[in-house]
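What follows is one structure encoded as structure tokens, with my remarks underneath.
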Amino acid sequence: MSDKTVIIINGSGGVGKDTLCEFAMKKYRCMNTSAITPIKEMAAMAGWRGEKTDAARKFLSDLKQLTVGYSDYPTRWLMERYREFLAGDAEIMFVHIREGSEIDKLVSAIKAEGGRVLTLLIRRGKGRHYGNASDDNVENYDYDLTYQNDKTLKQAEKDFPAFLERELAEK
């Protein structure tokens, strides 16, 4: 594995993305961030209280799209985190992004700086409709990797880091 790899991780709500990142952290030095983090901070100022309802998900998605259109804030914010990653000792930086166009922007920006980046889709069970473009279109992207998260927690705790080890060695 190269010293530093960014993995843009995506999947519908509830497929276990954060849990899998925690499992990876037991084997690798990792940084875990999300394009929605600064948007959640803005949303909290507007009254969002952290709920994960379909209406709240739509609000966050819409707010993110407004900031993308106005100033490309999520990508600029993530590139600041990327520079922190390069300066630190982490080996893997997980970046959670839902929208394909936003994934493409970050991939291009990282590659323009000579970085290594892979895209990863996490699937579990049958998907559901959330009522917002960010969640409902996660499958509409050509990912480098796909991980089927249909194992028990105990199995996934061993399997996901092994999956990463295999894929990072090959890519």
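Each chain of the structure tokens is named A, B, ... in the order shown, its residues numbered from 1; ligands are numbered from 1 in display order.
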Hey, what's within 12 Å of segment 52-69 of chain A if we count only C-alpha atoms and toss same-chain stuff fewer than 2 positions away? As an mmCIF file with C-alpha atoms, in the first residue's frame, please?
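And here is the file that came out, out.cif:
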data_model
loop_
_atom_site.group_PDB
_atom_site.id
_atom_site.type_symbol
_atom_site.label_atom_id
_atom_site.label_comp_id
_atom_site.auth_asym_id
_atom_site.auth_seq_id
_atom_site.Cartn_x
_atom_site.Cartn_y
_atom_site.Cartn_z
ATOM 1 C CA SER A 12 -27.318 4.723 1.334
ATOM 2 C CA GLY A 13 -28.128 5.674 4.911
ATOM 3 C CA GLY A 14 -27.742 2.833 7.377
ATOM 4 C CA SER A 34 -17.584 13.963 5.496
ATOM 5 C CA ALA A 35 -18.645 16.576 2.978
ATOM 6 C CA ILE A 36 -21.789 17.084 5.056
ATOM 7 C CA THR A 37 -19.926 18.064 8.256
ATOM 8 C CA PRO A 38 -19.717 21.807 7.541
ATOM 9 C CA ILE A 39 -23.273 21.717 6.182
ATOM 10 C CA LYS A 40 -24.514 20.203 9.460
ATOM 11 C CA GLU A 41 -22.849 23.067 11.319
ATOM 12 C CA MET A 42 -24.758 25.561 9.148
ATOM 13 C CA ALA A 43 -27.982 23.578 9.509
ATOM 14 C CA ALA A 44 -27.679 23.633 13.304
ATOM 15 C CA ALA A 46 -30.914 27.211 11.220
ATOM 16 C CA GLY A 47 -32.596 24.937 13.791
ATOM 17 C CA TRP A 48 -31.610 21.398 12.726
ATOM 18 C CA ARG A 49 -31.164 19.278 15.860
ATOM 19 C CA GLY A 50 -29.364 16.255 14.476
ATOM 20 C CA SER A 71 -19.085 28.821 -3.572
ATOM 21 C CA ASP A 72 -18.238 25.115 -3.970
ATOM 22 C CA TYR A 73 -17.771 25.179 -0.199
ATOM 23 C CA PRO A 74 -17.895 21.414 0.478
ATOM 24 C CA THR A 75 -15.040 20.650 -1.936
ATOM 25 C CA ARG A 76 -12.961 23.581 -0.691
ATOM 26 C CA TRP A 77 -13.538 22.430 2.908
ATOM 27 C CA ILE A 97 -19.711 12.075 -0.186
ATOM 28 C CA ARG A 98 -23.134 11.223 -1.619
ATOM 29 C CA GLU A 99 -23.376 13.039 -4.962
ATOM 30 C CA SER A 101 -20.682 15.194 -9.319
ATOM 31 C CA GLU A 102 -19.156 16.088 -5.935
ATOM 32 C CA LYS A 105 -14.741 17.149 -8.181
ATOM 33 C CA ARG A 128 -34.858 2.273 -0.075
ATOM 34 C CA HIS A 129 -36.100 5.632 -1.328
ATOM 35 C CA TYR A 130 -35.254 8.643 0.870
ATOM 36 C CA GLY A 131 -36.835 11.445 -1.168
ATOM 37 C CA ASN A 132 -33.680 13.436 -1.847
ATOM 38 C CA ALA A 133 -31.180 13.305 -4.695
ATOM 39 C CA SER A 134 -28.155 12.893 -2.427
ATOM 40 C CA ASP A 135 -29.334 9.596 -0.899
ATOM 41 C CA ASP A 136 -31.439 8.276 -3.759
ATOM 42 C CA ASN A 137 -28.691 8.438 -6.402
#
Exercise. Would you work out the distance separating atom CA of Gly88 of chain A from atom CA of Cys21 of chain A, expressed in Å to one decimal?
Key: 17.9 Å
Practice problem: Return as a PyMOL selection string the full set of residues in chain A whose backbone-based DSSP assignment is alpha helix (DSSP H). | Solution: chain A and resi 17-25+37-45+54-71+73-87+100-112+133-136+153-170
Quiz item: Using the chain letters and numbers from this document, which residues of segment 58-158 of chain A does DSSP assign to strand (DSSP E), as an MDAnalysis selection string?
Solution: chainID A and resid 92:96 117:123 145:148
Could you take the residues named above and write them with N, CA and C atoms, as a tab-separated table (two decimals), in the first residue's frame?
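Contents of the output file again-v6.tsv:
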chain	number	residue	atom	x	y	z
A	92	ILE	N	-4.90	6.30	5.64
A	92	ILE	CA	-6.14	6.33	4.86
A	92	ILE	C	-7.00	7.48	5.34
A	93	MET	N	-7.52	8.21	4.38
A	93	MET	CA	-8.50	9.26	4.68
A	93	MET	C	-9.82	8.83	4.05
A	94	PHE	N	-10.79	8.51	4.89
A	94	PHE	CA	-12.13	8.21	4.40
A	94	PHE	C	-12.88	9.53	4.26
A	95	VAL	N	-13.50	9.73	3.10
A	95	VAL	CA	-14.30	10.92	2.85
A	95	VAL	C	-15.68	10.47	2.41
A	96	HIS	N	-16.68	10.84	3.17
A	96	HIS	CA	-18.07	10.49	2.85
A	96	HIS	C	-18.65	11.57	1.96
A	117	VAL	N	-6.42	8.32	-4.89
A	117	VAL	CA	-7.81	8.34	-4.45
A	117	VAL	C	-8.59	7.19	-5.10
A	118	LEU	N	-9.41	6.54	-4.30
A	118	LEU	CA	-10.29	5.47	-4.77
A	118	LEU	C	-11.72	5.79	-4.32
A	119	THR	N	-12.69	5.30	-5.07
A	119	THR	CA	-14.09	5.46	-4.68
A	119	THR	C	-14.64	4.09	-4.28
A	120	LEU	N	-15.45	4.08	-3.23
A	120	LEU	CA	-15.95	2.83	-2.65
A	120	LEU	C	-17.43	2.95	-2.34
A	121	LEU	N	-18.22	2.03	-2.88
A	121	LEU	CA	-19.65	1.94	-2.57
A	121	LEU	C	-19.86	0.83	-1.56
A	122	ILE	N	-20.61	1.13	-0.51
A	122	ILE	CA	-21.01	0.13	0.48
A	122	ILE	C	-22.47	-0.18	0.25
A	123	ARG	N	-22.77	-1.45	0.15
A	123	ARG	CA	-24.16	-1.91	-0.03
A	123	ARG	C	-24.53	-2.84	1.11
A	145	LEU	N	-14.46	0.50	-6.30
A	145	LEU	CA	-14.64	-0.67	-5.44
A	145	LEU	C	-16.07	-0.73	-4.91
A	146	THR	N	-16.52	-1.95	-4.63
A	146	THR	CA	-17.82	-2.15	-3.98
A	146	THR	C	-17.63	-3.18	-2.88
A	147	TYR	N	-18.21	-2.89	-1.71
A	147	TYR	CA	-18.16	-3.82	-0.58
A	147	TYR	C	-19.59	-4.15	-0.18
A	148	GLN	N	-19.92	-5.44	-0.19
A	148	GLN	CA	-21.24	-5.91	0.20
A	148	GLN	C	-21.21	-6.16	1.71
Practice problem: Identify, on the basis of only C-alpha atoms, every residue whose closest approach to Leu20 of chain A does not exceed 9 Å; exclude the query and any residue fewer than 6 positions from it along the same chain; express the result as an MDAnalysis selection string. | Solution: chainID A and resid 149 156:157 160:161
Those residues you just picked out, can you put them in a file as a compact mmCIF listing (two decimals), in the first residue's frame with C-alpha atoms?
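Output contents, as saved in part_6.txt:
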# COMPACT_ATOMS: atom_id res chain seq x y z
CA ASN A 149 -21.82 -5.36 3.93
CA ALA A 156 -17.27 -7.50 9.09
CA GLU A 157 -14.76 -6.42 11.72
CA PHE A 160 -13.52 -5.21 5.85
CA PRO A 161 -9.88 -4.50 6.82
